[in-house]
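J.: Just dropping this structure here.
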Amino acid sequence: MGADRRRHTHRRTARGAALLGSAALLAGCASMPDSGDVSGVKASRQGDSQVRVYPVPPRENAEPDEIVEGFLEAMTGDDPDFATAHKYLTKQAARTWKPEERTTVLSSAPVPQQDGPARRGRGAPDDPETLLYRLSGQKVATVDDRHAYQPLGSVTYSESIQLVQQRSADGKQKEWRIDALPQGLLLSESDFQRNYRSVNKYYFASGKSWVVADPVYIRKRQDPVTHMDSLTQTVKALLEGPTNWLKPAVDTRFPSGTELKKDTTALVTDDQNTLKVPLNDKANNVDREQCRKMAAQVLFTVGDLASTRVEQVELQHADGRPLCVLREDQKSDFMADPTPGLRETPYFVDANGRLAQLLPGAKETVEPRHVYGPFGDGAAKVETVAVARDERHAAAVSENGRSLRVASIQSDTDLPEPLVTSRGARPADRLSAPSWDGRNDLWVADRNPADPRLLLLHGGTGKPLTVTAPWLDEDVRIEELRLSEDGVRIAMRLTENGRTTLQIGRVERQAVGERQKVSVVDLQAVAPRMESVTSVSWAGPSRLVVLGKQAGGVQQVRYLQTDGSASAALIPGLNQVKAVAAANDERAPLVAAADDGVVRLQSGVNWQSMVDKGTSPVYPG
C-alpha cells in the first residue's frame, strides 16, 4: 500500500507525500471459534479514512528506482488530471496513458524490481539506454471503465514498466522517464479504499415499475480526470447506464445519449434540499411519467451521498427550465416493497418444528408467538421455511426434505398437498430451503443428483416451472438460495468438488408465446477469497450478510456487497453460528441461529439471546 512504501522508503519519505488524518479504512468482519457457548465478542475498531496523498514531482537527476516509486505513489494521489504522475512519463507515454480506463487492485503495494541490467537500444549509437522494471503482487480485484468492481480471489500480478533516458528541458543532461507502462491505475487495497467508495445506481427491473440497485465505485473526493465531486460523479455514472453484468435484466428511463449539461462538475442542493440536475437536450421531449421515473432513478441513487439531505430532485433542461420534480415521499411508488420498515419481525422454527415469530422490541428471552395454520399448529413438522413478503403465506419444506407446501399463516387451514416432491435418496439430496422474490414468486432447488432442478412457482401456486440453469448438473449442488427483493438477482451457495462457494446469478425472464421462460445465467463469484460459505442472506438492496471461513482462518460473519467487495460495517463476533438472516431494510436487527438457540443483534448493542431452542431464522422473503 502507499503507506507501506512511505514507511519503508526513507528517501521518499524525506521528500514525499503529506498525510492528513487517520489510517485507511479496512473491510469489517468478525471472527468466531468453532466450539464453545454462545457469547459476545468485541470487534476491533477501525477508523474512517481521512488520509490525503499529495504526490511530489521527480527531483533533478532522480535515480530510476525513484522514478518508478514516485510514479506508483503519484497514482494514489488526488491531483487534477494526475498532473504529477504525468511528470514521470515521457511526452509520448503521457499522451497514451489513460488512468480512467481501469483500476487494478492488489492486496498490497506493487513491488518493483529491475528486470536485468541497462542495455543499449538497437538503433543509432545515440539511442537512449532503457531499463525494465517488473511490477509484481497479488491481484484481488479490478474496476472497469463503467465503475464495476470484479473480485478475483488472489491472482498473481506481473507487468512491466520501461524507462528511458531523455534530454532534460534545458538539454544539458539526461533524465530517466517512463515510456511504456500498463494502462489504468495500479493501487493497493488500502489505497483503493482510501480513494474510492461504493454507491448504488438504480435502474428499473425489465418490464416492471420498481428499481434495482447496481453497485459501482466512484472517487470519494474530486475525480482527477473529470474534476467532478462525488455526487456529480455518481449522477454521471447513472446516466452512462447499468454495468455490463446487470444490463440484460434492467432498463433505464433516460433517453439514449442523455448526459449532464456540458461543463457541470458540481451538483448542490438549495435551501429547500432540492437537488437540481441540468441535462442535455436529449431529455427535452420526455413525457411527465417518464420524467418522474428518471427523477426516481436520481433520487434513489443520491439518497446516501449528499452531505445535505436531498428531499427532492428537479430535472432541468440545459437552459435551466424544469422538466419535472420528484419528492422523497414519492419514492415508494418505485419500490418492489412499497412499505419498507414494516418487515422487521423475523421468524424461526422452534424445537417442535413449528413456525413462530420473534416479537419486536423484546430485550430478553421471550415466549415466541406461533403463526396460524398448519405450520404453526404442528400439523406439519417444518424443517426449513420462507415467509412471503406480504406475510400472509409461508412455504415450508418437511418430511426430511421431501415435500414443499404453501399455506396461510394468518388463518387456520388444513394441511395442503405438496406442490413439489423430491425423489432424492438422502435428505441432503432433496429440497433446499425455499425463497420468495418481490414478484411473489416462490423458488426452491431439488438437489436430487439424478435430476437436479431449480424450480419456480408463480405466485407460490400451481405447477412448478423448471428454471433454465445451464451451469447446474450432477456435479453442482445448490445448498441454499436467496432471491433479492427486486427479483432480478439470486444469491446461491453452490457445492462443487467438495467446496461450497457463494455465487450471484442474474434472473432473466422472456416471453415465449403464452409462456414465460426464466433463466439464471452469468454466475459471478461474490466471495472468491473465502474457503467455504455456510449461510447467506440479503441485507439491503446490494448487500449480503455471509457466514463463512477465510482460507486458513476461522469462521466469520461479515457483510459483502453483491459485486464481491467488502462492506465497511462491523459485526460483533458470535460463537457456534449455524445460520444468519437479515432484512432488506438495513435498520432491522440481524438474527442468527447457534447451538444455544436464536439470537438477535440490534444497532448499538451486542448479541441478545431470544429463544433457547430454535433453527432456520428468516425474514420475509
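Order determines the names: the first chain of the C-alpha cells is A, the second B, and so forth; residues in each chain are numbered 1 upward, and ligands are numbered 1 upward as they are shown.
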From the DSSP assignment of the backbone, select every residue of range 328-401 of chain A that is strand (DSSP E or B), and format the answer as a ChimeraX atom specification.

T.: /A:347-349,355-357,369-370,384-387,393-398

J.: Leaving out range 83-86 of chain A and any residue of its chain fewer than 4 positions from it, which residues lie within 7 Å of it when counting only C-alpha atoms, given as a PyMOL selection string?

T.: chain A and resi 55-57+71+74-75+79+94

J.: Just want the 10 Å neighbourhood of range 450-466 of chain A, counted on only C-alpha atoms, with same-chain residues fewer than 3 positions away dropped. Output as a VMD selection string.

T.: chain A and resid 388 393 to 395 405 to 407 419 to 420 422 to 425 429 to 432 434 to 437 439 to 447 469 472 to 478 481 516 to 520

J.: May I have the selected residues written with N, CA and C atoms, as a tab-separated table (two decimals), in the first residue's frame?

T.:
```
chain	number	residue	atom	x	y	z
A	388	ALA	N	-43.68	-15.39	2.83
A	388	ALA	CA	-43.94	-14.47	1.72
A	388	ALA	C	-43.75	-13.03	2.19
A	393	HIS	N	-48.67	-15.76	3.66
A	393	HIS	CA	-48.43	-17.18	3.43
A	393	HIS	C	-46.96	-17.51	3.74
A	394	ALA	N	-46.71	-18.78	3.88
A	394	ALA	CA	-45.34	-19.27	4.03
A	394	ALA	C	-45.19	-20.55	3.22
A	395	ALA	N	-43.97	-20.81	2.83
A	395	ALA	CA	-43.63	-22.07	2.15
A	395	ALA	C	-42.71	-22.86	3.06
A	405	ARG	N	-44.71	-27.32	0.75
A	405	ARG	CA	-46.11	-26.90	0.81
A	405	ARG	C	-46.18	-25.39	1.03
A	406	VAL	N	-47.28	-24.79	0.61
A	406	VAL	CA	-47.57	-23.39	0.86
A	406	VAL	C	-48.90	-23.30	1.58
A	407	ALA	N	-48.91	-22.55	2.70
A	407	ALA	CA	-50.14	-22.44	3.48
A	407	ALA	C	-50.23	-21.06	4.10
A	419	LEU	N	-46.71	-29.14	-3.23
A	419	LEU	CA	-46.58	-28.57	-4.57
A	419	LEU	C	-45.36	-29.12	-5.30
A	420	VAL	N	-44.34	-29.50	-4.54
A	420	VAL	CA	-43.12	-30.08	-5.10
A	420	VAL	C	-42.71	-31.25	-4.22
A	422	SER	N	-39.53	-34.21	-3.90
A	422	SER	CA	-38.23	-34.67	-4.37
A	422	SER	C	-38.09	-36.18	-4.20
A	423	ARG	N	-37.39	-36.80	-5.12
A	423	ARG	CA	-37.13	-38.24	-5.06
A	423	ARG	C	-35.68	-38.53	-4.67
A	424	GLY	N	-34.98	-37.55	-4.17
A	424	GLY	CA	-33.61	-37.77	-3.74
A	424	GLY	C	-33.51	-38.84	-2.67
A	425	ALA	N	-32.46	-39.66	-2.71
A	425	ALA	CA	-32.34	-40.78	-1.78
A	425	ALA	C	-32.05	-40.33	-0.36
A	429	ASP	N	-30.01	-34.61	-0.41
A	429	ASP	CA	-30.19	-34.63	-1.85
A	429	ASP	C	-31.62	-34.26	-2.25
A	430	ARG	N	-32.35	-33.69	-1.33
A	430	ARG	CA	-33.74	-33.33	-1.62
A	430	ARG	C	-33.90	-31.81	-1.73
A	431	LEU	N	-34.94	-31.26	-1.16
A	431	LEU	CA	-35.27	-29.86	-1.40
A	431	LEU	C	-34.46	-28.92	-0.51
A	432	SER	N	-34.05	-27.82	-1.11
A	432	SER	CA	-33.39	-26.75	-0.35
A	432	SER	C	-34.44	-25.94	0.39
A	434	PRO	N	-36.75	-22.84	0.71
A	434	PRO	CA	-37.34	-22.03	-0.35
A	434	PRO	C	-37.05	-20.54	-0.14
A	435	SER	N	-37.42	-19.72	-1.14
A	435	SER	CA	-37.24	-18.27	-1.05
A	435	SER	C	-38.26	-17.59	-1.97
A	436	TRP	N	-38.81	-16.46	-1.50
A	436	TRP	CA	-39.75	-15.66	-2.28
A	436	TRP	C	-39.04	-14.43	-2.84
A	437	ASP	N	-39.41	-14.05	-4.08
A	437	ASP	CA	-38.90	-12.79	-4.61
A	437	ASP	C	-39.98	-11.72	-4.50
A	439	ARG	N	-41.78	-10.44	-6.70
A	439	ARG	CA	-42.90	-10.64	-7.61
A	439	ARG	C	-43.89	-11.65	-7.05
A	440	ASN	N	-43.67	-12.07	-5.79
A	440	ASN	CA	-44.47	-13.09	-5.12
A	440	ASN	C	-44.30	-14.45	-5.77
A	441	ASP	N	-43.16	-14.67	-6.40
A	441	ASP	CA	-42.83	-15.99	-6.96
A	441	ASP	C	-41.99	-16.75	-5.95
A	442	LEU	N	-42.21	-18.06	-5.89
A	442	LEU	CA	-41.53	-18.93	-4.93
A	442	LEU	C	-40.48	-19.76	-5.65
A	443	TRP	N	-39.29	-19.83	-5.07
A	443	TRP	CA	-38.17	-20.56	-5.65
A	443	TRP	C	-37.71	-21.66	-4.70
A	444	VAL	N	-37.30	-22.79	-5.27
A	444	VAL	CA	-36.74	-23.88	-4.48
A	444	VAL	C	-35.86	-24.73	-5.40
A	445	ALA	N	-34.86	-25.38	-4.84
A	445	ALA	CA	-33.98	-26.27	-5.61
A	445	ALA	C	-34.22	-27.70	-5.20
A	446	ASP	N	-34.38	-28.58	-6.19
A	446	ASP	CA	-34.38	-30.02	-5.94
A	446	ASP	C	-32.96	-30.50	-6.18
A	447	ARG	N	-32.33	-31.01	-5.12
A	447	ARG	CA	-30.91	-31.36	-5.17
A	447	ARG	C	-30.66	-32.82	-5.49
A	469	ALA	N	-30.99	-23.32	-16.16
A	469	ALA	CA	-29.75	-23.08	-15.42
A	469	ALA	C	-28.64	-23.91	-16.06
A	472	LEU	N	-26.05	-25.90	-13.96
A	472	LEU	CA	-26.50	-26.88	-12.97
A	472	LEU	C	-26.46	-28.29	-13.55
A	473	ASP	N	-25.68	-29.18	-12.94
A	473	ASP	CA	-25.63	-30.57	-13.36
A	473	ASP	C	-25.40	-31.46	-12.14
A	474	GLU	N	-25.13	-32.74	-12.38
A	474	GLU	CA	-24.99	-33.68	-11.26
A	474	GLU	C	-23.77	-33.39	-10.39
A	475	ASP	N	-22.84	-32.57	-10.89
A	475	ASP	CA	-21.64	-32.26	-10.11
A	475	ASP	C	-21.77	-30.95	-9.32
A	476	VAL	N	-22.85	-30.22	-9.52
A	476	VAL	CA	-23.07	-28.94	-8.83
A	476	VAL	C	-24.37	-29.04	-8.04
A	477	ARG	N	-24.28	-28.74	-6.76
A	477	ARG	CA	-25.47	-28.81	-5.92
A	477	ARG	C	-25.77	-27.44	-5.31
A	478	ILE	N	-27.04	-27.04	-5.35
A	478	ILE	CA	-27.47	-25.80	-4.73
A	478	ILE	C	-27.76	-26.09	-3.26
A	481	LEU	N	-30.43	-20.97	-1.51
A	481	LEU	CA	-30.71	-19.90	-2.46
A	481	LEU	C	-31.51	-18.81	-1.76
A	516	GLN	N	-43.76	-18.19	-20.17
A	516	GLN	CA	-42.60	-17.40	-19.79
A	516	GLN	C	-41.41	-18.33	-19.55
A	517	LYS	N	-40.28	-17.96	-20.13
A	517	LYS	CA	-39.05	-18.70	-19.88
A	517	LYS	C	-38.22	-17.90	-18.88
A	518	VAL	N	-37.79	-18.56	-17.82
A	518	VAL	CA	-36.99	-17.92	-16.79
A	518	VAL	C	-35.63	-18.60	-16.74
A	519	SER	N	-34.57	-17.80	-16.73
A	519	SER	CA	-33.21	-18.33	-16.71
A	519	SER	C	-32.40	-17.67	-15.60
A	520	VAL	N	-31.46	-18.42	-15.06
A	520	VAL	CA	-30.45	-17.87	-14.16
A	520	VAL	C	-29.11	-18.07	-14.84
```

J.: I need the residues in range 220-351 of chain A that are helix (DSSP H, G or I) according to DSSP; give them as number ranges by chain.

T.: A: 230-240, 247-249, 281-283, 288-301, 328-334

J.: With C-alpha atoms retained, export the selected residues as a compact mmCIF listing (two decimals), in the first residue's frame.

T.:
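Written file, result_25.txt:
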```txt
# COMPACT_ATOMS: atom_id res chain seq x y z
CA SER A 230 -18.51 12.54 -5.73
CA LEU A 231 -22.19 13.47 -6.07
CA THR A 232 -21.79 14.60 -9.67
CA GLN A 233 -19.67 11.54 -10.50
CA THR A 234 -22.48 9.33 -9.23
CA VAL A 235 -25.16 11.03 -11.34
CA LYS A 236 -22.86 10.87 -14.36
CA ALA A 237 -22.33 7.13 -13.78
CA LEU A 238 -26.11 6.67 -13.55
CA LEU A 239 -26.64 8.41 -16.89
CA GLU A 240 -23.97 6.23 -18.53
CA LYS A 247 -27.71 -4.58 -18.16
CA PRO A 248 -29.65 -7.55 -19.68
CA ALA A 249 -32.13 -7.55 -16.76
CA ASP A 281 -31.15 18.30 -24.98
CA LYS A 282 -31.58 14.50 -25.36
CA ALA A 283 -34.10 14.64 -22.49
CA ARG A 288 -44.24 13.52 -17.39
CA GLU A 289 -44.37 9.86 -16.37
CA GLN A 290 -41.03 9.04 -17.98
CA CYS A 291 -39.51 12.12 -16.38
CA ARG A 292 -40.78 11.04 -12.94
CA LYS A 293 -39.10 7.67 -13.41
CA MET A 294 -35.89 9.38 -14.49
CA ALA A 295 -36.06 11.55 -11.37
CA ALA A 296 -36.72 8.43 -9.26
CA GLN A 297 -33.50 6.88 -10.55
CA VAL A 298 -31.60 10.00 -9.48
CA LEU A 299 -33.37 10.29 -6.11
CA PHE A 300 -32.61 6.68 -5.15
CA THR A 301 -29.03 6.98 -6.41
CA GLU A 328 -38.67 11.89 -1.20
CA ASP A 329 -42.14 10.79 -0.02
CA GLN A 330 -42.91 9.59 -3.57
CA LYS A 331 -40.05 7.07 -3.69
CA SER A 332 -42.34 4.25 -2.54
CA ASP A 333 -44.06 4.41 -5.95
CA PHE A 334 -40.92 2.86 -7.41
```

J.: Report, in Å to a single decimal, how far apart CA of Gln357 in chain A and CA of Ala380 in chain A are.

T.: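 Computed distance, CA of Ala380 in chain A to CA of Gln357 in chain A, equals 16.8 Å.
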
J.: What is the CA of Asp486 in chain A-CA of Ala336 in chain A distance in Å, reported with one decimal?

T.: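 Distance reported for this atom pair: 5.7 Å.
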
J.: Go through A:Gly184, A:Pro322, A:Pro215, A:Gly373 and flag the residue nearest Arg543 in chain A, using only C-alpha atoms for the distances.

T.: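 Ranking A:Gly184, A:Pro322, A:Pro215, A:Gly373 by distance to Arg543 in chain A, first place goes to A:Pro215.
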